[in-house]
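Dumped work-v8.tsv below, it's TSV, C-alpha atoms and all ligand atoms:
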chain	number	residue	atom	x	y	z
A	617	MET	CA	25.46	-48.29	-6.06
A	618	THR	CA	28.93	-47.76	-7.43
A	619	GLY	CA	29.17	-44.22	-6.10
A	620	GLU	CA	29.89	-42.76	-9.52
A	621	VAL	CA	28.38	-39.37	-10.23
A	622	ILE	CA	25.95	-39.51	-13.10
A	623	SER	CA	25.27	-36.12	-14.54
A	624	LEU	CA	21.76	-35.75	-15.84
A	625	PRO	CA	20.90	-33.71	-18.92
A	626	ASP	CA	20.72	-29.98	-18.16
A	627	LEU	CA	18.31	-27.61	-19.83
A	628	ASP	CA	19.29	-27.37	-23.51
A	629	ALA	CA	17.76	-24.65	-25.66
A	630	SER	CA	19.07	-26.23	-28.88
A	631	LEU	CA	16.64	-29.17	-28.41
A	632	VAL	CA	13.54	-26.95	-28.42
A	633	LYS	CA	10.55	-28.15	-30.44
A	634	ILE	CA	8.53	-25.21	-31.67
A	635	THR	CA	4.94	-25.77	-32.80
A	636	ASN	CA	3.23	-22.67	-34.12
A	637	SER	CA	-0.26	-22.13	-32.76
A	638	ALA	CA	-2.98	-23.18	-35.18
A	639	THR	CA	-5.38	-20.79	-33.46
A	640	PRO	CA	-3.59	-17.45	-33.14
A	641	LYS	CA	-5.62	-14.84	-31.25
A	642	THR	CA	-6.11	-11.19	-32.10
A	643	PRO	CA	-4.14	-8.99	-29.70
A	644	LEU	CA	-6.22	-6.45	-27.76
A	645	PRO	CA	-5.65	-2.81	-28.65
A	646	PRO	CA	-2.93	-1.62	-26.22
A	647	SER	CA	-5.29	0.83	-24.49
A	648	LYS	CA	-7.52	-2.10	-23.43
A	649	LEU	CA	-4.78	-4.09	-21.68
A	650	VAL	CA	-5.23	-4.84	-17.99
A	651	PHE	CA	-2.10	-5.99	-16.14
A	652	GLY	CA	-1.72	-9.77	-16.23
A	653	LYS	CA	-5.06	-10.59	-17.89
A	654	THR	CA	-4.08	-11.16	-21.52
A	655	PHE	CA	-1.66	-13.85	-22.65
A	656	THR	CA	0.16	-14.39	-25.92
A	657	ASP	CA	-0.32	-17.29	-28.36
A	658	HIS	CA	2.51	-19.50	-27.11
A	659	MET	CA	4.11	-20.81	-23.95
A	660	LEU	CA	7.30	-22.66	-23.13
A	661	THR	CA	7.20	-25.85	-21.10
A	662	VAL	CA	10.03	-28.15	-19.98
A	663	ASP	CA	9.62	-31.23	-17.82
A	664	TRP	CA	12.17	-32.55	-15.37
A	665	ASN	CA	12.53	-35.90	-13.68
A	666	SER	CA	15.06	-36.89	-11.04
A	667	ASN	CA	16.19	-39.92	-13.09
A	668	THR	CA	16.27	-38.39	-16.54
A	669	GLY	CA	17.02	-34.70	-15.93
A	670	TRP	CA	15.64	-31.90	-18.10
A	671	ALA	CA	13.60	-33.07	-21.07
A	672	GLU	CA	13.41	-31.34	-24.43
A	673	PRO	CA	11.85	-27.86	-24.22
A	674	LYS	CA	8.61	-27.22	-26.06
A	675	ILE	CA	7.14	-23.99	-27.35
A	676	GLU	CA	3.52	-24.55	-28.25
A	677	THR	CA	0.02	-23.08	-28.06
A	678	TYR	CA	-0.78	-21.33	-24.78
A	679	GLY	CA	-3.29	-23.40	-22.85
A	680	PRO	CA	-4.24	-25.32	-19.70
A	681	LEU	CA	-1.86	-27.73	-18.01
A	682	SER	CA	-3.10	-31.16	-17.06
A	683	LEU	CA	-1.89	-32.28	-13.63
A	684	ASP	CA	-2.74	-35.11	-11.29
A	685	PRO	CA	-4.72	-33.82	-8.26
A	686	SER	CA	-2.13	-35.39	-5.97
A	687	SER	CA	0.67	-33.28	-7.51
A	688	VAL	CA	2.81	-31.87	-4.72
A	689	VAL	CA	2.35	-28.30	-6.00
A	690	PHE	CA	-1.31	-28.37	-4.94
A	691	HIS	CA	-0.62	-29.54	-1.41
A	692	TYR	CA	2.77	-28.29	-0.29
A	693	ALA	CA	3.23	-25.20	-2.46
A	694	PHE	CA	6.16	-26.43	-4.53
A	695	CYS	CA	5.90	-23.34	-6.67
A	696	LEU	CA	8.16	-20.42	-7.49
A	697	PHE	CA	8.23	-17.75	-10.13
A	698	GLU	CA	10.02	-14.83	-11.71
A	699	GLY	CA	8.88	-11.55	-13.23
A	700	MET	CA	10.77	-9.89	-16.08
A	701	LYS	CA	10.00	-7.86	-19.17
A	702	ALA	CA	10.71	-7.59	-22.90
A	703	TYR	CA	10.54	-4.28	-24.77
A	704	ARG	CA	9.99	-3.39	-28.41
A	705	CYS	CA	12.64	-0.80	-29.23
A	706	GLU	CA	12.76	1.90	-31.89
A	707	ASP	CA	15.54	0.09	-33.80
A	708	GLY	CA	13.17	-2.86	-34.33
A	709	THR	CA	14.79	-5.08	-31.73
A	710	ILE	CA	13.14	-6.84	-28.82
A	711	ARG	CA	15.18	-6.54	-25.66
A	712	LEU	CA	15.19	-8.15	-22.23
A	713	PHE	CA	16.28	-6.30	-19.08
A	714	ARG	CA	18.99	-8.01	-16.98
A	715	PRO	CA	17.69	-11.57	-17.58
A	716	ASP	CA	20.79	-13.03	-15.89
A	717	MET	CA	19.57	-11.58	-12.58
A	718	ASN	CA	16.19	-13.32	-12.91
A	719	MET	CA	17.82	-16.62	-13.86
A	720	HIS	CA	20.17	-16.46	-10.90
A	721	ARG	CA	17.32	-15.66	-8.52
A	722	MET	CA	15.09	-18.38	-9.96
A	723	ASN	CA	17.80	-21.00	-9.41
A	724	ARG	CA	18.42	-19.74	-5.89
A	725	THR	CA	14.69	-20.03	-5.14
A	726	ALA	CA	14.45	-23.49	-6.74
A	727	ALA	CA	17.30	-24.76	-4.59
A	728	ARG	CA	15.53	-23.45	-1.46
A	729	ILE	CA	12.59	-25.83	-1.98
A	730	ALA	CA	14.64	-28.71	-3.45
A	731	LEU	CA	13.30	-28.22	-6.96
A	732	PRO	CA	15.80	-28.71	-9.79
A	733	THR	CA	18.15	-25.93	-10.87
A	734	PHE	CA	19.11	-25.35	-14.49
A	735	ASP	CA	21.49	-23.48	-16.80
A	736	GLY	CA	20.10	-19.94	-16.69
A	737	GLU	CA	21.68	-18.98	-20.02
A	738	GLN	CA	19.76	-21.77	-21.69
A	739	LEU	CA	16.46	-20.58	-20.23
A	740	THR	CA	17.30	-17.04	-21.37
A	741	GLU	CA	17.85	-18.40	-24.90
A	742	LEU	CA	14.48	-20.17	-24.77
A	743	ILE	CA	12.75	-17.01	-23.52
A	744	LYS	CA	14.31	-15.08	-26.42
A	745	LYS	CA	12.80	-17.59	-28.86
A	746	LEU	CA	9.41	-17.35	-27.18
A	747	VAL	CA	9.26	-13.55	-27.16
A	748	LEU	CA	10.42	-13.33	-30.78
A	749	LEU	CA	7.78	-15.85	-31.85
A	750	ASP	CA	5.14	-13.75	-30.05
A	751	SER	CA	6.68	-10.38	-30.88
A	752	ARG	CA	3.49	-9.14	-32.55
A	753	TRP	CA	2.05	-9.09	-29.02
A	754	ILE	CA	4.60	-6.57	-27.76
A	755	PRO	CA	3.19	-3.06	-28.10
A	756	GLY	CA	5.64	-0.41	-29.26
A	757	GLU	CA	3.94	2.50	-27.54
A	758	PRO	CA	5.93	4.21	-24.77
A	759	GLY	CA	5.46	2.54	-21.40
A	760	TYR	CA	4.21	-0.75	-22.89
A	761	SER	CA	6.06	-4.05	-22.66
A	762	LEU	CA	5.70	-7.80	-22.47
A	763	TYR	CA	5.61	-9.14	-18.92
A	764	ILE	CA	7.28	-12.57	-18.75
A	765	ARG	CA	6.42	-15.05	-16.04
A	766	PRO	CA	8.82	-18.02	-15.72
A	767	THR	CA	7.37	-20.53	-13.24
A	768	LEU	CA	8.62	-23.79	-11.74
A	769	ILE	CA	6.36	-26.28	-9.97
A	770	GLY	CA	6.78	-29.70	-8.35
A	771	THR	CA	4.61	-32.22	-10.18
A	772	GLN	CA	5.25	-35.54	-8.50
A	773	SER	CA	1.88	-37.18	-7.94
A	774	ALA	CA	2.21	-38.46	-4.39
A	775	LEU	CA	1.14	-37.13	-1.03
A	776	GLY	CA	3.93	-36.70	1.49
A	777	VAL	CA	6.36	-33.88	2.16
A	778	HIS	CA	9.66	-34.72	0.45
A	779	PRO	CA	11.62	-33.50	-2.58
A	780	SER	CA	9.54	-33.71	-5.75
A	781	SER	CA	10.81	-36.33	-8.21
A	782	ASP	CA	9.18	-34.41	-11.05
A	783	ALA	CA	8.94	-30.77	-11.98
A	784	LYS	CA	7.60	-28.59	-14.74
A	785	LEU	CA	9.11	-25.30	-15.80
A	786	PHE	CA	6.88	-23.05	-17.87
A	787	VAL	CA	7.00	-19.52	-19.19
A	788	ILE	CA	3.96	-17.45	-20.12
A	789	CYS	CA	3.87	-13.89	-21.44
A	790	SER	CA	1.41	-11.05	-20.99
A	791	PRO	CA	1.44	-7.73	-22.88
A	792	VAL	CA	1.15	-4.90	-20.37
A	793	GLY	CA	0.59	-1.18	-20.43
A	794	PRO	CA	2.12	1.50	-18.24
A	795	TYR	CA	1.38	0.53	-14.66
A	796	TYR	CA	-0.09	3.96	-14.08
A	797	ALA	CA	-2.21	4.65	-17.15
A	798	THR	CA	-3.29	8.08	-15.93
A	799	GLY	CA	0.06	9.36	-14.72
A	800	PHE	CA	1.83	8.42	-11.55
A	801	LYS	CA	-0.55	7.94	-8.71
A	802	PRO	CA	1.15	7.95	-5.32
A	803	VAL	CA	-0.11	5.30	-2.89
A	804	SER	CA	-0.78	5.36	0.82
A	805	LEU	CA	0.58	2.57	3.00
A	806	GLN	CA	-0.48	0.96	6.20
A	807	ALA	CA	2.55	0.10	8.33
A	808	THR	CA	1.55	-3.38	9.46
A	809	THR	CA	2.42	-4.29	13.03
A	810	LYS	CA	-0.02	-7.19	13.24
A	811	TYR	CA	1.45	-9.43	10.52
A	812	VAL	CA	4.97	-10.19	9.28
A	813	ARG	CA	5.99	-10.93	5.69
A	814	ALA	CA	9.37	-12.47	6.44
A	815	SER	CA	11.51	-13.49	9.36
A	816	ARG	CA	15.16	-14.36	9.91
A	817	GLY	CA	15.86	-17.83	8.61
A	818	GLY	CA	12.53	-17.76	6.77
A	819	THR	CA	11.80	-17.63	3.07
A	820	GLY	CA	11.03	-13.94	2.51
A	821	SER	CA	14.04	-13.46	0.26
A	822	TYR	CA	12.86	-16.10	-2.22
A	823	LYS	CA	10.22	-15.68	-4.92
A	824	LEU	CA	8.20	-18.62	-3.64
A	825	GLY	CA	4.48	-18.75	-4.42
A	826	ALA	CA	3.88	-19.57	-0.75
A	827	ASN	CA	5.09	-16.08	0.27
A	828	TYR	CA	2.32	-14.21	-1.55
A	829	SER	CA	-1.09	-15.62	-0.64
A	830	PRO	CA	-0.60	-14.83	3.08
A	831	GLY	CA	-0.14	-11.15	2.15
A	832	VAL	CA	-3.56	-10.83	0.58
A	833	MET	CA	-5.64	-10.71	3.76
A	834	PRO	CA	-3.44	-8.03	5.40
A	835	GLN	CA	-3.78	-6.05	2.19
A	836	LEU	CA	-7.58	-6.35	2.37
A	837	GLU	CA	-7.47	-5.11	5.95
A	838	ALA	CA	-5.32	-2.16	4.89
A	839	ALA	CA	-7.73	-1.46	2.02
A	840	LYS	CA	-10.71	-1.44	4.40
A	841	GLN	CA	-8.99	1.34	6.29
A	842	GLY	CA	-8.29	3.27	3.12
A	843	TYR	CA	-4.68	2.25	2.42
A	844	ALA	CA	-3.50	0.83	-0.89
A	845	GLN	CA	-0.72	-1.43	0.35
A	846	ASN	CA	1.06	-2.75	3.42
A	847	LEU	CA	4.35	-1.43	4.63
A	848	TRP	CA	5.96	-4.52	6.09
A	849	LEU	CA	7.86	-4.03	9.34
A	850	HIS	CA	10.14	-6.35	11.24
A	851	GLY	CA	10.79	-6.92	14.92
A	852	PRO	CA	9.77	-4.92	17.99
A	853	GLU	CA	11.90	-2.03	16.67
A	854	HIS	CA	9.61	-1.84	13.62
A	855	TYR	CA	12.37	-1.98	11.02
A	856	LEU	CA	11.19	-1.02	7.53
A	857	THR	CA	11.47	-3.92	5.09
A	858	GLU	CA	9.28	-3.86	1.95
A	859	VAL	CA	6.14	-2.29	0.56
A	860	GLY	CA	3.49	-4.67	-0.77
A	861	THR	CA	5.49	-6.74	-3.26
A	862	MET	CA	8.08	-4.06	-3.92
A	863	ASN	CA	11.40	-3.10	-2.39
A	864	LEU	CA	11.46	0.06	-0.31
A	865	PHE	CA	13.48	3.25	-0.72
A	866	VAL	CA	13.50	6.29	1.59
A	867	VAL	CA	15.13	9.63	0.77
A	868	ILE	CA	16.08	11.89	3.67
A	869	GLU	CA	18.22	14.90	4.39
A	870	ASN	CA	20.74	13.39	6.78
A	871	GLU	CA	22.57	14.87	9.78
A	872	LYS	CA	25.34	16.19	7.47
A	873	GLY	CA	22.81	17.96	5.29
A	874	GLN	CA	23.33	15.44	2.45
A	875	THR	CA	20.59	13.83	0.39
A	876	GLU	CA	20.65	10.18	1.45
A	877	LEU	CA	18.92	7.37	-0.43
A	878	ILE	CA	18.32	4.48	1.98
A	879	THR	CA	17.11	0.94	1.39
A	880	PRO	CA	17.17	-1.89	3.95
A	881	PRO	CA	20.09	-4.35	3.55
A	882	LEU	CA	19.13	-7.66	1.90
A	883	GLU	CA	20.01	-10.09	4.68
A	884	ASP	CA	17.26	-12.69	4.49
A	885	LEU	CA	14.21	-10.50	5.04
A	886	ILE	CA	14.28	-8.69	1.72
A	887	LEU	CA	13.56	-9.99	-1.77
A	888	PRO	CA	16.66	-9.19	-3.85
A	889	GLY	CA	14.88	-7.13	-6.49
A	890	VAL	CA	16.42	-6.59	-9.92
A	891	THR	CA	14.95	-3.09	-9.88
A	892	ARG	CA	16.33	-2.50	-6.37
A	893	ASP	CA	19.80	-3.45	-7.57
A	894	SER	CA	19.39	-1.24	-10.64
A	895	VAL	CA	18.31	1.78	-8.56
A	896	LEU	CA	21.26	1.28	-6.19
A	897	THR	CA	23.78	0.83	-9.00
A	898	ILE	CA	22.56	3.85	-10.97
A	899	CYS	CA	22.60	6.07	-7.88
A	900	ARG	CA	25.99	4.80	-6.67
A	901	GLU	CA	27.60	5.30	-10.07
A	902	HIS	CA	26.19	8.81	-10.21
A	903	ALA	CA	27.30	9.60	-6.63
A	904	ALA	CA	30.80	8.34	-7.49
A	905	GLY	CA	30.91	10.59	-10.56
A	906	GLN	CA	31.19	7.62	-12.97
A	907	VAL	CA	28.04	8.55	-14.88
A	908	GLN	CA	25.97	11.70	-14.83
A	909	VAL	CA	22.30	10.86	-14.39
A	910	GLU	CA	20.00	13.74	-15.12
A	911	GLY	CA	17.78	14.67	-12.20
A	912	LEU	CA	19.93	13.15	-9.43
A	913	PRO	CA	21.56	15.58	-6.95
A	914	SER	CA	24.77	17.01	-8.41
A	915	SER	CA	26.58	16.87	-5.05
A	916	ASP	CA	26.22	15.70	-1.45
A	917	PHE	CA	24.38	12.56	-2.50
A	918	VAL	CA	24.84	9.39	-0.45
A	919	VAL	CA	23.49	5.90	-1.15
A	920	SER	CA	23.08	3.52	1.81
A	921	GLU	CA	21.91	0.00	2.43
A	922	LYS	CA	21.08	0.22	6.10
A	923	HIS	CA	18.35	-0.37	8.64
A	924	MET	CA	15.76	2.26	9.42
A	925	THR	CA	12.93	1.97	11.93
A	926	MET	CA	9.47	3.48	11.72
A	927	PRO	CA	10.15	5.74	14.76
A	928	GLN	CA	13.25	7.07	12.93
A	929	LEU	CA	11.20	7.75	9.81
A	930	VAL	CA	8.59	9.57	11.92
A	931	GLU	CA	11.36	11.68	13.44
A	932	TYR	CA	12.76	12.67	10.01
A	933	GLN	CA	9.24	13.59	8.93
A	934	LYS	CA	8.73	15.79	12.02
A	935	GLN	CA	11.96	17.64	11.27
A	936	GLY	CA	10.91	18.17	7.63
A	937	LYS	CA	13.81	15.93	6.52
A	938	LEU	CA	11.78	13.13	4.94
A	939	LYS	CA	12.00	13.80	1.19
A	940	GLU	CA	10.62	10.74	-0.63
A	941	VAL	CA	9.43	7.20	-0.10
A	942	PHE	CA	9.05	4.87	-3.05
A	943	GLY	CA	8.76	1.20	-3.92
A	944	SER	CA	10.67	-0.54	-6.74
A	945	GLY	CA	9.75	-3.57	-8.83
A	946	THR	CA	9.58	-4.87	-12.38
A	947	ALA	CA	5.87	-4.19	-12.91
A	948	ALA	CA	5.76	-0.47	-12.07
A	949	ILE	CA	9.55	0.19	-11.92
A	950	VAL	CA	8.93	2.80	-9.18
A	951	SER	CA	5.84	3.64	-7.18
A	952	ALA	CA	5.65	6.76	-5.02
A	953	VAL	CA	4.25	6.79	-1.49
A	954	ASN	CA	2.41	9.88	-0.20
A	955	ASN	CA	1.22	8.71	3.19
A	956	ILE	CA	2.01	6.06	5.82
A	957	GLY	CA	-0.51	5.06	8.48
A	958	TYR	CA	1.40	4.01	11.61
A	959	GLU	CA	-0.08	3.24	15.02
A	960	GLY	CA	-3.16	5.33	14.41
A	961	THR	CA	-1.43	8.36	12.89
A	962	ASP	CA	-1.03	9.29	9.23
A	963	ILE	CA	2.47	10.40	8.30
A	964	PRO	CA	2.42	12.51	5.15
A	965	VAL	CA	5.28	11.95	2.68
A	966	PRO	CA	6.17	14.63	0.11
A	967	VAL	CA	5.65	13.85	-3.59
A	968	GLY	CA	6.60	16.11	-6.48
A	969	PRO	CA	4.05	17.78	-8.75
A	970	SER	CA	4.33	14.83	-11.21
A	971	GLY	CA	3.32	12.48	-8.39
A	972	LEU	CA	6.90	11.20	-8.18
A	973	GLY	CA	9.76	12.62	-6.12
A	974	ASN	CA	12.93	13.85	-7.86
A	975	ILE	CA	15.06	10.77	-7.17
A	976	ALA	CA	12.31	8.30	-8.13
A	977	GLN	CA	11.66	10.26	-11.33
A	978	ALA	CA	15.37	10.37	-12.24
A	979	VAL	CA	15.92	6.63	-11.75
A	980	LEU	CA	12.68	5.84	-13.59
A	981	ASP	CA	13.79	7.89	-16.60
A	982	ARG	CA	17.22	6.29	-16.59
A	983	ILE	CA	15.93	2.70	-16.26
A	984	GLN	CA	13.34	3.23	-19.02
A	985	ALA	CA	15.98	4.70	-21.33
A	986	ILE	CA	18.14	1.59	-20.81
A	987	GLN	CA	15.22	-0.84	-21.16
A	988	THR	CA	14.10	0.64	-24.47
A	989	GLY	CA	17.60	0.93	-25.92
A	990	LYS	CA	17.68	4.75	-25.92
A	991	ILE	CA	20.89	4.42	-23.92
A	992	ASP	CA	23.18	1.58	-24.94
A	993	HIS	CA	23.85	-0.43	-21.82
A	994	PRO	CA	24.92	-4.00	-21.02
A	995	TRP	CA	21.77	-4.44	-18.91
A	996	SER	CA	19.67	-4.36	-22.06
A	997	VAL	CA	19.97	-7.73	-23.81
A	998	ILE	CA	18.85	-8.00	-27.43
A	999	ALA	CA	16.63	-11.04	-28.09
A	1000	GLY	CA	16.60	-10.33	-31.82
A	1001	LYS	CA	14.70	-8.33	-34.43
A	1002	ALA	CA	10.95	-8.29	-34.03
A	1003	THR	CA	9.54	-10.62	-36.68
A	1004	ASN	CA	6.22	-8.81	-36.88
B	1	LIG	C1	9.47	-9.49	-7.15
B	1	LIG	C2	9.51	-8.75	-5.83
B	1	LIG	C3	10.18	-7.52	-5.68
B	1	LIG	C4	10.77	-6.77	-6.84
B	1	LIG	O1	11.73	-7.48	-7.55
B	1	LIG	P1	12.10	-7.03	-9.03
B	1	LIG	O2	13.11	-8.01	-9.45
B	1	LIG	O3	12.62	-5.64	-8.95
B	1	LIG	O4	10.83	-7.10	-9.83
B	1	LIG	C5	10.24	-6.96	-4.42
B	1	LIG	N1	9.66	-7.54	-3.35
B	1	LIG	C6	8.98	-8.70	-3.46
B	1	LIG	C7	8.38	-9.30	-2.25
B	1	LIG	C8	8.89	-9.33	-4.70
B	1	LIG	O5	8.22	-10.47	-4.82
Turn this file's structure into structure tokens for me.
Ligand SMILES: *Cc1c(COP(=O)(O)O)cnc(C)c1O
Amino acid sequence: MTGEVISLPDLDASLVKITNSATPKTPLPPSKLVFGKTFTDHMLTVDWNSNTGWAEPKIETYGPLSLDPSSVVFHYAFCLFEGMKAYRCEDGTIRLFRPDMNMHRMNRTAARIALPTFDGEQLTELIKKLVLLDSRWIPGEPGYSLYIRPTLIGTQSALGVHPSSDAKLFVICSPVGPYYATGFKPVSLQATTKYVRASRGGTGSYKLGANYSPGVMPQLEAAKQGYAQNLWLHGPEHYLTEVGTMNLFVVIENEKGQTELITPPLEDLILPGVTRDSVLTICREHAAGQVQVEGLPSSDFVVSEKHMTMPQLVEYQKQGKLKEVFGSGTAAIVSAVNNIGYEGTDIPVPVGPSGLGNIAQAVLDRIQAIQTGKIDHPWSVIAGKATN
């Protein structure tokens, strides 16, 4: 060993080999789409090895991967993912929403489980190529989009818990309809005191595959008792953290009579959602008078990242000062909550006549207008003109 630093090849979009599918499928009519069940004709794959770095990216026919059964992903959950969307806009362009945020988060998650990081701008370029190639799969109807799932797995074939010498990055795409096909349907939550999603020093703030399967059984238990999702709490104080796989927002009338939008601070218990950040930024810019967002309170509006406990929420509800509870995430953008089951009691949460509270509705409208290019905004990144 001479001690010299050898820099391995990084991800390079210019090296991509594109092979058009010889067996293109017929896209389902948009009304028949079920979230996450239909995939486009192509996928992106890139291999990595600790001695040779990132190999040349390939875009080819969507299909099964072939992996050795001893691959570390199957045994030790070397697996992480992202969720982002592309939209077909009225000007004929296909646009991504804040892809830099997803790339940053994916690298942060990869580093957490010693999988390789990469140049996020290069992966964004590759994703642009993929979505343009499959643009005929992106419905143009309002509320429809292409859900994009970048994934990174450890593929070294060897048992033993250690960094994986091999990895595979892949990206698949699924055309999706409006999350709520029949209008916004508020959900009821079970505040879970029996299970935890995340803990200090744990991995709850990373989009690791291993964080999601343990949430399924608590969700089944909630469902058995008539609740749609879990409200995840933390600590003996029962701090609010997240709802299902979404970030959590609470709207109250505070002690000063102001409308206050509250979400728990990130620390390391909360997944740093792109939608969460977008909701906060939109509301803060409005509150500061930098932009006027229709539907948000015209005065006395405060935006806070701070802790709130379940007993505090119950107290606001008793005083008639609990105004809205909603979740935020890429799939549904916002999801209203109308009821929270907590220690044997159901706490009703107000929802507007549309099924969404005023604040949730206003941020939803604003985010959708940016995503679809109705408002020009740096968050909306043009991939190119739809080719078909
Ligand atoms: C992905 C995810 C979110 C939402 O993140 P977005 O970037 O807004 O889609 C929130 N909580 C959890 C646990 C998640 O996995």
Within 12 Å of stretch 858-877 of chain A, which residues of stretch 783-830 of chain A come that close, and what is the closest atom pair and distance in Å for each? Count all atoms listed in the file and give it as JSON lines.
{"residue": "A:Val803", "atom": "CA", "partner": "A:Val859", "partner_atom": "CA", "distance": 10.4}
{"residue": "A:Ser804", "atom": "CA", "partner": "A:Val859", "partner_atom": "CA", "distance": 10.3}
{"residue": "A:Leu805", "atom": "CA", "partner": "A:Val859", "partner_atom": "CA", "distance": 7.8}
{"residue": "A:Gln806", "atom": "CA", "partner": "A:Val859", "partner_atom": "CA", "distance": 9.3}
{"residue": "A:Ala807", "atom": "CA", "partner": "A:Val859", "partner_atom": "CA", "distance": 8.9}
{"residue": "A:Thr808", "atom": "CA", "partner": "A:Val859", "partner_atom": "CA", "distance": 10.1}
{"residue": "A:Val812", "atom": "CA", "partner": "A:Glu858", "partner_atom": "CA", "distance": 10.6}
{"residue": "A:Arg813", "atom": "CA", "partner": "A:Glu858", "partner_atom": "CA", "distance": 8.6}
{"residue": "A:Ala814", "atom": "CA", "partner": "A:Glu858", "partner_atom": "CA", "distance": 9.7}
{"residue": "A:Gly820", "atom": "CA", "partner": "A:Glu858", "partner_atom": "CA", "distance": 10.2}
{"residue": "A:Ser821", "atom": "CA", "partner": "A:Glu858", "partner_atom": "CA", "distance": 10.8}
{"residue": "A:Tyr822", "atom": "CA", "partner": "A:Thr861", "partner_atom": "CA", "distance": 12.0}
{"residue": "A:Lys823", "atom": "CA", "partner": "A:Thr861", "partner_atom": "CA", "distance": 10.2}
{"residue": "A:Asn827", "atom": "CA", "partner": "A:Thr861", "partner_atom": "CA", "distance": 10.0}
{"residue": "A:Tyr828", "atom": "CA", "partner": "A:Thr861", "partner_atom": "CA", "distance": 8.3}
{"residue": "A:Ser829", "atom": "CA", "partner": "A:Thr861", "partner_atom": "CA", "distance": 11.4}
{"residue": "A:Pro830", "atom": "CA", "partner": "A:Gly860", "partner_atom": "CA", "distance": 11.6}
>> Given all atoms listed in the file as the basis, pick out the residue of A:Ala783, A:Leu847, A:Val792, A:Leu712 nearest to A:Tyr811.
In response: A:Leu847
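With only C-alpha atoms and all ligand atoms as the atoms that count, the residue of A:Gly699, A:Gly905, A:Gly957, A:Pro758 with the shortest distance to ligand LIG 1 (chain B) is A:Gly699.
Taking atom CA of A:Lys939 and atom CA of A:Gln987 as endpoints, the distance between them is 26.9 Å.
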>> Given all atoms listed in the file as the basis, pick out the residue of A:Val747, A:Cys899, A:Ala976, A:Met926 nearest to A:Pro852.
In response: A:Met926
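When atom CA of A:Ile710 is paired with atom CA of A:Leu912, their separation reads 28.7 Å.
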Per-axis box centre and lengths in Å around ligand LIG 1 (chain B), 3 Å margin per side, axis-aligned, as lines of an AutoDock Vina configuration file:
center_x = 10.7
center_y = -8.1
center_z = -6.0
size_x = 10.9
size_y = 10.8
size_z = 13.6
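Once only C-alpha atoms are considered, the residues situated within 12 Å of the file point (19.4, -20.4, -19.1) turn out to be A:Asp626, A:Leu627, A:Asp628, A:Ala629, A:Ser630, A:Pro673, A:Pro715, A:Asp716, A:Met717, A:Asn718, A:Met719, A:His720, A:Arg721, A:Met722, A:Asn723, A:Thr733, A:Phe734, A:Asp735, A:Gly736, A:Glu737, A:Gln738, A:Leu739, A:Thr740, A:Glu741, A:Leu742, A:Ile743, A:Lys744, A:Pro766, A:Leu785.
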> Which protein, DNA or RNA residues are at most 12 Å from (12.5, -31.1, -26.7) in the file's coordinates when you count all atoms listed in the file, listed as a PyMOL selection string?
Replying inline: chain A and resi 625-635+660-664+670-676+742
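The interatomic distance for the pair atom CA of A:Thr677 and atom CA of A:Phe713 works out to 25.0 Å.
Comparing A:Asn846, A:His923, A:Pro802, A:Pro881 by their smallest distance to A:Val965, the closest is A:Pro802 (using all atoms listed in the file).
When all atoms listed in the file are used to compute distances to ligand LIG 1 (chain B), the closest of the residues A:Trp995, A:Tyr703, A:Tyr760, A:Phe697 turns out to be A:Phe697.
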> Quick one: residues within 9 Å of A:Pro755, only C-alpha atoms counted, chain neighbours fewer than 4 positions away excluded, as a PyMOL selection string?
Replying inline: chain A and resi 645-646+703-704+751+760-762+791-793
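Candidate residues A:Pro794, A:Gly889, A:Gly770, A:Gly831 were compared for distance to ligand LIG 1 (chain B), and the nearest is A:Gly889, using all atoms listed in the file.
By all atoms listed in the file, and with residues fewer than 6 positions from A:Tyr678 along its chain excluded, the set lying at most 7 Å from it is Asp657, His658 and Met659 of chain A.
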Mind dumping the selected residues with C-alpha atoms as a short mmCIF file (atom, residue, chain, number, x, y, z; two decimals), keeping the file's coordinate frame?
data_model
loop_
_atom_site.label_atom_id
_atom_site.label_comp_id
_atom_site.auth_asym_id
_atom_site.auth_seq_id
_atom_site.Cartn_x
_atom_site.Cartn_y
_atom_site.Cartn_z
CA ASP A 657 -0.32 -17.29 -28.36
CA HIS A 658 2.51 -19.50 -27.11
CA MET A 659 4.11 -20.81 -23.95
#
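Within the 8 Å cut-off around A:Thr946, using all atoms listed in the file and omitting residues fewer than 2 positions from it on the same chain, the listed residues are Gly699, Met700, Lys701, Val890, Thr891, Ser944, Ala948 and Ile949 of chain A.
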